[in-house]
Amino acid sequence: MKRDELTFDVIIVGAGPAGLAAAIHLGQASASRRNSPLSIGLLEKGGYPGAHVLSGAVMDPRGLDLLFPSGYPAPPWTMAPVTQEHFLFLTGEKNFSLPHFGLMANKNAVLTNLGGLCRRLAQHAEKLGVQLFFGFTACHPLFHPSGALRGVQTGDMGRDSQGRPLANFQPGVRLLAPITLIAEGARGYLATQLIRHYHLDRGKTPQHYALGIKEVWDIPPSTSQPGTIEHTVGWPLNQGCQGGGFIYHTEKGRLDLGLVVNLDYANPKTDPFALMQRWKTHPWLQKTLAGGKPLQAGARVLAKGGIQSLPHPAFPGGLLMGDAAGFFDGVRMKGIHNAILSGIAAAQTILQLGDEKADSTLWSRHYWQKLRASILPDLTAARNVQPGLRSGLWSGMLHGLLDQKVFKGKAPWTWHQNQPDRSRLQKAIRFSSSPTGLGDAVIDRDQALFLAGVRHRENQPSHIQISRTSESFATHVQDFAFPEQHYCPAGVFSLVTEQGAFKTRLRPQRCLHCQTCAIKDPTAAITWTPPEGGSGPHYQNM
């Protein structure tokens, strides 16, 4: 059966803040070109805008200010100014206030929810003539004989568990364009393939990640402090596991809270989801949660390698945007504004170069110049803060303060993390148990999946593949104690015994699309591909 083809001037993969910002900026320019408007196609694997996006989210509004210089469209999403900021160190029972020295630069920031923001941006993009395709997975890059990217192939919808077409089989669609913008978020599936194909990370350190686990709570209005943000370090994490917690009083009666765990930890028994639940049992946090109930839950990785790990963001026929490239500011712990700014920069590059699409060197130079004017100075100044934390919490914080306040981000050195996160995992025999234990879970994994709205289309092949021999699997279990049963927040992997042999019980229908398994597996034996038809979490306002 001949596959359908759709041709556009520009294809955008991913309807997060970067992809939508590029679509809107292109649409705004196209609206003024009555004789030759741009045809723009935006492809998103989630079933609706915001279904697969998750963020804290404290946002620097300058990205939106640049996107809408005449004022925002009436926002149905939260935009609450940050009024108070606290930084705390936790022990098992107590909390201590620490000076934060304004390093996160939250003075002019706002509290928002990324799902609501993406829904509003998608509505605006559609009004500008952008064609939106939700629930379609960009599963294969398409290359021109010259070697340039020429578009993407969507997944084949409707297959049984053996991958055979169903009776109502609909073949995937080829979306073709001279330029394709990749904005899939951290460790995007296409972005990973393209970075490898074009060697965009040559000379760079491996990308590094953290897993963010988030919940939204309904709390009594009397407990709510709209505009207040609190960050924590210390308990329940220890020196071998870095990260921290956040509590954001986003609006009256709503509390956004979560724990971010750096994925360079060494103990294979570390369980980020259990740590999140244990963190919520702290007496200080229990006072805030008293009388409340969880409404939403989810998990997603964020790319935190900084400019040392930033792949070259331009390649023949396309550009990388947002967290697909890694434009996360490791000092301010913010990425939404940089995602929007990168989308605008990509759109401006397209508009400026017009028909000169064949010259990839020219495209690369123009895009890089625009990034240098908006994003790269902050990433350069922040380059040493996250690597410094590998030396331990207190020494890392002291170094960060020295780097930012004394050297103003211009220290005459640059620290590099040359080991990928998976290689930091050490053999389980070195650890008698998880360094913090599981504690009392406030919600379990099944409740969290319910709150995430996880749904997968029936009769589709597993989107998670494991390539291990029986011998290598036995070694994996012996050396690393089957770490996937701990690091996966959704409980996709479990260890079972059949006829005296260990086997993996795989439940891909539970998957949150967080990507931790593809990052942390010590032998890189797990391959994650996007499932079909809008499957996965169905976040509302995360």
# chains A, B, ... in the order shown; residues from 1 in each chain; ligands from 1
call {"tool": "residues_around", "arguments": {"residues": "His282 of chain A", "least_positions_apart": "2", "cutoff": "9 Å", "atoms": "only C-alpha atoms", "output": "list in words"}}
result
Leu90, Thr91, Gly92, Glu93, Lys94, Trp235, Arg278, Trp279, Lys280, Trp284, Leu285, Gln286 and Lys287 of chain A
call {"tool": "closest_atom_pairs", "arguments": {"of": "segment 112-155 of chain A", "to": "segment 37-45 of chain A", "cutoff": "6 Å", "atoms": "only C-alpha atoms", "output": "Markdown table"}}
result
| residue | atom | partner | partner_atom | distance |
| --- | --- | --- | --- | --- |
| A:Val130 | CA | A:Ile40 | CA | 5.2 |
| A:Gln131 | CA | A:Gly41 | CA | 4.9 |
| A:Leu132 | CA | A:Leu42 | CA | 4.9 |
| A:Phe133 | CA | A:Leu43 | CA | 4.8 |
| A:Phe134 | CA | A:Glu44 | CA | 4.9 |
| A:Gly135 | CA | A:Lys45 | CA | 4.7 |
| A:Phe136 | CA | A:Lys45 | CA | 4.8 |
| A:Thr137 | CA | A:Lys45 | CA | 4.6 |
call {"tool": "write_last_selection", "arguments": {"atoms": "N, CA and C atoms", "output": "PDB file, in the first residue's frame"}}
result
ATOM      1  N   VAL A 130      -1.414  27.133  11.513  1.00  0.00           N
ATOM      2  CA  VAL A 130      -0.554  25.971  11.697  1.00  0.00           C
ATOM      3  C   VAL A 130      -1.424  24.710  11.742  1.00  0.00           C
ATOM      4  N   GLN A 131      -1.026  23.686  11.011  1.00  0.00           N
ATOM      5  CA  GLN A 131      -1.755  22.417  11.035  1.00  0.00           C
ATOM      6  C   GLN A 131      -1.191  21.533  12.145  1.00  0.00           C
ATOM      7  N   LEU A 132      -2.037  21.202  13.108  1.00  0.00           N
ATOM      8  CA  LEU A 132      -1.622  20.444  14.279  1.00  0.00           C
ATOM      9  C   LEU A 132      -2.060  18.994  14.140  1.00  0.00           C
ATOM     10  N   PHE A 133      -1.136  18.075  14.424  1.00  0.00           N
ATOM     11  CA  PHE A 133      -1.414  16.643  14.358  1.00  0.00           C
ATOM     12  C   PHE A 133      -1.088  16.036  15.719  1.00  0.00           C
ATOM     13  N   PHE A 134      -2.124  15.761  16.527  1.00  0.00           N
ATOM     14  CA  PHE A 134      -1.920  15.183  17.851  1.00  0.00           C
ATOM     15  C   PHE A 134      -2.209  13.690  17.815  1.00  0.00           C
ATOM     16  N   GLY A 135      -1.472  12.939  18.651  1.00  0.00           N
ATOM     17  CA  GLY A 135      -1.628  11.494  18.697  1.00  0.00           C
ATOM     18  C   GLY A 135      -0.894  10.777  17.583  1.00  0.00           C
ATOM     19  N   PHE A 136       0.028  11.470  16.927  1.00  0.00           N
ATOM     20  CA  PHE A 136       0.826  10.857  15.863  1.00  0.00           C
ATOM     21  C   PHE A 136       2.297  10.892  16.262  1.00  0.00           C
ATOM     22  N   THR A 137       2.932   9.750  16.147  1.00  0.00           N
ATOM     23  CA  THR A 137       4.324   9.607  16.551  1.00  0.00           C
ATOM     24  C   THR A 137       5.256   9.754  15.361  1.00  0.00           C
TER      25      THR A 137
END
call {"tool": "select_by_dssp", "arguments": {"residues": "segment 397-469 of chain A", "states": "strand (DSSP E or B)", "output": "number ranges by chain"}}
result
A: 455, 464-466
call {"tool": "atom_distance", "arguments": {"atom1": "atom CA of Ala448 of chain A", "atom2": "atom CA of Gln296 of chain A"}}
result
7.6 Å
call {"tool": "residues_around", "arguments": {"residues": "His337 of chain A", "least_positions_apart": "5", "cutoff": "12 Å", "atoms": "only C-alpha atoms", "output": "PDB file with N, CA and C atoms, in the first residue's frame"}}
result
ATOM      1  N   GLY A  16       5.646  21.106  22.652  1.00  0.00           N
ATOM      2  CA  GLY A  16       5.990  21.727  23.922  1.00  0.00           C
ATOM      3  C   GLY A  16       6.229  23.211  23.695  1.00  0.00           C
ATOM      4  N   PRO A  17       6.797  23.903  24.667  1.00  0.00           N
ATOM      5  CA  PRO A  17       6.989  25.355  24.523  1.00  0.00           C
ATOM      6  C   PRO A  17       7.896  25.733  23.363  1.00  0.00           C
ATOM      7  N   ALA A  18       8.920  24.935  23.060  1.00  0.00           N
ATOM      8  CA  ALA A  18       9.827  25.268  21.953  1.00  0.00           C
ATOM      9  C   ALA A  18       9.120  25.117  20.615  1.00  0.00           C
ATOM     10  N   ALA A  21       6.338  27.729  20.215  1.00  0.00           N
ATOM     11  CA  ALA A  21       6.878  29.076  20.008  1.00  0.00           C
ATOM     12  C   ALA A  21       7.351  29.248  18.572  1.00  0.00           C
ATOM     13  N   SER A  55       6.584  20.054  34.105  1.00  0.00           N
ATOM     14  CA  SER A  55       7.629  20.956  34.585  1.00  0.00           C
ATOM     15  C   SER A  55       7.231  21.445  35.963  1.00  0.00           C
ATOM     16  N   ALA A  57       6.355  24.496  37.765  1.00  0.00           N
ATOM     17  CA  ALA A  57       7.139  25.218  36.805  1.00  0.00           C
ATOM     18  C   ALA A  57       7.202  26.686  37.218  1.00  0.00           C
ATOM     19  N   VAL A  58       8.434  27.126  37.538  1.00  0.00           N
ATOM     20  CA  VAL A  58       8.711  28.545  37.700  1.00  0.00           C
ATOM     21  C   VAL A  58       9.285  29.027  36.381  1.00  0.00           C
ATOM     22  N   MET A  59       8.702  30.075  35.818  1.00  0.00           N
ATOM     23  CA  MET A  59       9.073  30.490  34.476  1.00  0.00           C
ATOM     24  C   MET A  59       9.563  31.933  34.458  1.00  0.00           C
ATOM     25  N   ASP A  60      10.665  32.148  33.780  1.00  0.00           N
ATOM     26  CA  ASP A  60      11.106  33.492  33.425  1.00  0.00           C
ATOM     27  C   ASP A  60      10.235  33.933  32.248  1.00  0.00           C
ATOM     28  N   PRO A  61       9.468  35.023  32.379  1.00  0.00           N
ATOM     29  CA  PRO A  61       8.508  35.370  31.321  1.00  0.00           C
ATOM     30  C   PRO A  61       9.109  36.023  30.086  1.00  0.00           C
ATOM     31  N   ARG A  62      10.436  36.198  30.031  1.00  0.00           N
ATOM     32  CA  ARG A  62      10.981  36.960  28.905  1.00  0.00           C
ATOM     33  C   ARG A  62      10.826  36.240  27.573  1.00  0.00           C
ATOM     34  N   GLY A  63      10.712  34.906  27.591  1.00  0.00           N
ATOM     35  CA  GLY A  63      10.450  34.194  26.350  1.00  0.00           C
ATOM     36  C   GLY A  63       9.082  34.550  25.793  1.00  0.00           C
ATOM     37  N   LEU A  64       8.058  34.521  26.656  1.00  0.00           N
ATOM     38  CA  LEU A  64       6.716  34.902  26.225  1.00  0.00           C
ATOM     39  C   LEU A  64       6.646  36.369  25.846  1.00  0.00           C
ATOM     40  N   ASP A  65       7.397  37.226  26.557  1.00  0.00           N
ATOM     41  CA  ASP A  65       7.415  38.651  26.223  1.00  0.00           C
ATOM     42  C   ASP A  65       7.907  38.871  24.800  1.00  0.00           C
ATOM     43  N   LEU A  66       8.919  38.105  24.406  1.00  0.00           N
ATOM     44  CA  LEU A  66       9.456  38.239  23.054  1.00  0.00           C
ATOM     45  C   LEU A  66       8.507  37.637  22.025  1.00  0.00           C
ATOM     46  N   LEU A  67       7.824  36.572  22.380  1.00  0.00           N
ATOM     47  CA  LEU A  67       6.901  35.922  21.455  1.00  0.00           C
ATOM     48  C   LEU A  67       5.654  36.773  21.229  1.00  0.00           C
ATOM     49  N   ALA A 109      10.133  36.184  38.201  1.00  0.00           N
ATOM     50  CA  ALA A 109       9.586  34.953  37.648  1.00  0.00           C
ATOM     51  C   ALA A 109       8.109  34.806  38.001  1.00  0.00           C
ATOM     52  N   VAL A 110       7.439  33.904  37.295  1.00  0.00           N
ATOM     53  CA  VAL A 110       6.032  33.622  37.558  1.00  0.00           C
ATOM     54  C   VAL A 110       5.847  32.123  37.739  1.00  0.00           C
ATOM     55  N   LEU A 114       2.594  24.159  32.894  1.00  0.00           N
ATOM     56  CA  LEU A 114       3.043  24.041  31.511  1.00  0.00           C
ATOM     57  C   LEU A 114       1.960  23.458  30.607  1.00  0.00           C
ATOM     58  N   MET A 321      15.761  22.156  19.073  1.00  0.00           N
ATOM     59  CA  MET A 321      15.265  23.242  19.916  1.00  0.00           C
ATOM     60  C   MET A 321      14.966  22.717  21.317  1.00  0.00           C
ATOM     61  N   GLY A 322      14.914  23.628  22.278  1.00  0.00           N
ATOM     62  CA  GLY A 322      14.488  23.307  23.626  1.00  0.00           C
ATOM     63  C   GLY A 322      15.322  22.239  24.297  1.00  0.00           C
ATOM     64  N   ASP A 323      14.646  21.411  25.097  1.00  0.00           N
ATOM     65  CA  ASP A 323      15.356  20.386  25.851  1.00  0.00           C
ATOM     66  C   ASP A 323      15.825  19.242  24.972  1.00  0.00           C
ATOM     67  N   PHE A 327      18.903  23.008  26.366  1.00  0.00           N
ATOM     68  CA  PHE A 327      19.033  24.422  26.727  1.00  0.00           C
ATOM     69  C   PHE A 327      18.499  24.694  28.135  1.00  0.00           C
ATOM     70  N   PHE A 328      18.891  23.876  29.089  1.00  0.00           N
ATOM     71  CA  PHE A 328      18.441  24.028  30.474  1.00  0.00           C
ATOM     72  C   PHE A 328      19.484  24.796  31.262  1.00  0.00           C
ATOM     73  N   ASP A 329      19.054  25.819  31.998  1.00  0.00           N
ATOM     74  CA  ASP A 329      19.951  26.640  32.798  1.00  0.00           C
ATOM     75  C   ASP A 329      20.150  25.971  34.155  1.00  0.00           C
ATOM     76  N   ARG A 332      19.811  28.574  37.389  1.00  0.00           N
ATOM     77  CA  ARG A 332      18.457  29.058  37.679  1.00  0.00           C
ATOM     78  C   ARG A 332      17.454  27.918  37.764  1.00  0.00           C
ATOM     79  N   SER A 342      14.588  29.468  22.044  1.00  0.00           N
ATOM     80  CA  SER A 342      15.190  28.681  20.967  1.00  0.00           C
ATOM     81  C   SER A 342      14.197  28.483  19.820  1.00  0.00           C
ATOM     82  N   GLY A 343      12.913  28.336  20.145  1.00  0.00           N
ATOM     83  CA  GLY A 343      11.898  28.239  19.092  1.00  0.00           C
ATOM     84  C   GLY A 343      11.816  29.505  18.265  1.00  0.00           C
ATOM     85  N   ILE A 344      11.887  30.638  18.932  1.00  0.00           N
ATOM     86  CA  ILE A 344      11.880  31.926  18.214  1.00  0.00           C
ATOM     87  C   ILE A 344      13.128  32.051  17.352  1.00  0.00           C
ATOM     88  N   SER A 374      20.861  35.100  22.787  1.00  0.00           N
ATOM     89  CA  SER A 374      19.742  34.945  23.707  1.00  0.00           C
ATOM     90  C   SER A 374      19.987  33.912  24.812  1.00  0.00           C
ATOM     91  N   ILE A 375      20.508  32.743  24.480  1.00  0.00           N
ATOM     92  CA  ILE A 375      20.575  31.626  25.418  1.00  0.00           C
ATOM     93  C   ILE A 375      21.993  31.300  25.873  1.00  0.00           C
ATOM     94  N   ASP A 378      23.923  32.695  29.171  1.00  0.00           N
ATOM     95  CA  ASP A 378      23.517  32.136  30.460  1.00  0.00           C
ATOM     96  C   ASP A 378      24.055  30.723  30.649  1.00  0.00           C
TER      97      ASP A 378
END
call {"tool": "closest_residue", "arguments": {"among": "A:Ala29, A:Leu111, A:Ala274, A:Ile195", "to": "Pro226 of chain A", "atoms": "only C-alpha atoms"}}
result
A:Leu111
call {"tool": "select_by_dssp", "arguments": {"residues": "segment 13-73 of chain A", "states": "alpha helix (DSSP H)", "output": "list of chain:residue names"}}
result
A:Pro17, A:Ala18, A:Gly19, A:Leu20, A:Ala21, A:Ala22, A:Ala23, A:Ile24, A:His25, A:Leu26, A:Gly27, A:Gln28, A:Ala29, A:Ser30, A:Ala31, A:Arg62, A:Gly63, A:Leu64, A:Asp65, A:Leu66, A:Leu67
call {"tool": "write_last_selection", "arguments": {"atoms": "N, CA and C atoms", "output": "CSV table (one decimal), in the first residue's frame"}}
result
chain,number,residue,atom,x,y,z
A,17,PRO,N,6.8,23.9,24.7
A,17,PRO,CA,7.0,25.4,24.5
A,17,PRO,C,7.9,25.7,23.4
A,18,ALA,N,8.9,24.9,23.1
A,18,ALA,CA,9.8,25.3,22.0
A,18,ALA,C,9.1,25.1,20.6
A,19,GLY,N,8.5,24.0,20.4
A,19,GLY,CA,7.8,23.7,19.1
A,19,GLY,C,6.7,24.7,18.9
A,20,LEU,N,5.9,25.0,19.9
A,20,LEU,CA,4.8,25.9,19.7
A,20,LEU,C,5.2,27.3,19.5
A,21,ALA,N,6.3,27.7,20.2
A,21,ALA,CA,6.9,29.1,20.0
A,21,ALA,C,7.4,29.2,18.6
A,22,ALA,N,8.0,28.2,18.0
A,22,ALA,CA,8.5,28.3,16.6
A,22,ALA,C,7.3,28.4,15.7
A,23,ALA,N,6.3,27.6,16.0
A,23,ALA,CA,5.1,27.6,15.1
A,23,ALA,C,4.4,28.9,15.1
A,24,ILE,N,4.2,29.5,16.3
A,24,ILE,CA,3.6,30.8,16.4
A,24,ILE,C,4.3,31.9,15.8
A,25,HIS,N,5.7,31.9,16.0
A,25,HIS,CA,6.5,33.0,15.4
A,25,HIS,C,6.4,32.9,13.8
A,26,LEU,N,6.5,31.7,13.3
A,26,LEU,CA,6.4,31.5,11.9
A,26,LEU,C,5.0,31.8,11.4
A,27,GLY,N,4.0,31.5,12.2
A,27,GLY,CA,2.6,31.8,11.8
A,27,GLY,C,2.3,33.3,11.8
A,28,GLN,N,2.9,34.0,12.8
A,28,GLN,CA,2.8,35.4,12.8
A,28,GLN,C,3.4,36.1,11.6
A,29,ALA,N,4.5,35.6,11.1
A,29,ALA,CA,5.2,36.2,9.9
A,29,ALA,C,4.4,35.7,8.7
A,30,SER,N,3.9,34.5,8.7
A,30,SER,CA,3.2,34.0,7.5
A,30,SER,C,1.9,34.8,7.3
A,31,ALA,N,1.3,35.2,8.4
A,31,ALA,CA,0.0,35.9,8.2
A,31,ALA,C,0.2,37.2,7.5
A,62,ARG,N,10.4,36.2,30.0
A,62,ARG,CA,11.0,37.0,28.9
A,62,ARG,C,10.8,36.2,27.6
A,63,GLY,N,10.7,34.9,27.6
A,63,GLY,CA,10.4,34.2,26.3
A,63,GLY,C,9.1,34.5,25.8
A,64,LEU,N,8.1,34.5,26.7
A,64,LEU,CA,6.7,34.9,26.2
A,64,LEU,C,6.6,36.4,25.8
A,65,ASP,N,7.4,37.2,26.6
A,65,ASP,CA,7.4,38.7,26.2
A,65,ASP,C,7.9,38.9,24.8
A,66,LEU,N,8.9,38.1,24.4
A,66,LEU,CA,9.5,38.2,23.1
A,66,LEU,C,8.5,37.6,22.0
A,67,LEU,N,7.8,36.6,22.4
A,67,LEU,CA,6.9,35.9,21.5
A,67,LEU,C,5.7,36.8,21.2
call {"tool": "closest_residue", "arguments": {"among": "A:Arg174, A:Met276, A:Ser472, A:Pro316", "to": "Asp444 of chain A", "atoms": "only C-alpha atoms"}}
result
A:Met276
call {"tool": "closest_residue", "arguments": {"among": "A:Asp201, A:Glu184, A:Glu85, A:Asp264", "to": "His249 of chain A", "atoms": "only C-alpha atoms"}}
result
A:Glu85
call {"tool": "residues_around", "arguments": {"residues": "Phe101 of chain A", "least_positions_apart": "4", "cutoff": "9 Å", "atoms": "only C-alpha atoms", "output": "ChimeraX atom specification"}}
result
/A:105,401,405
call {"tool": "write_last_selection", "arguments": {"atoms": "N, CA and C atoms", "output": "mmCIF file, in the first residue's frame"}}
result
data_model
loop_
_atom_site.group_PDB
_atom_site.id
_atom_site.type_symbol
_atom_site.label_atom_id
_atom_site.label_comp_id
_atom_site.auth_asym_id
_atom_site.auth_seq_id
_atom_site.Cartn_x
_atom_site.Cartn_y
_atom_site.Cartn_z
ATOM 1 N N ALA A 105 17.431 33.519 40.543
ATOM 2 C CA ALA A 105 16.892 34.690 39.842
ATOM 3 C C ALA A 105 15.377 34.591 39.651
ATOM 4 N N LEU A 401 28.584 28.960 44.741
ATOM 5 C CA LEU A 401 28.548 30.333 45.235
ATOM 6 C C LEU A 401 29.784 31.099 44.783
ATOM 7 N N LYS A 405 29.069 34.168 42.376
ATOM 8 C CA LYS A 405 29.115 35.469 43.054
ATOM 9 C C LYS A 405 30.476 36.148 42.982
#
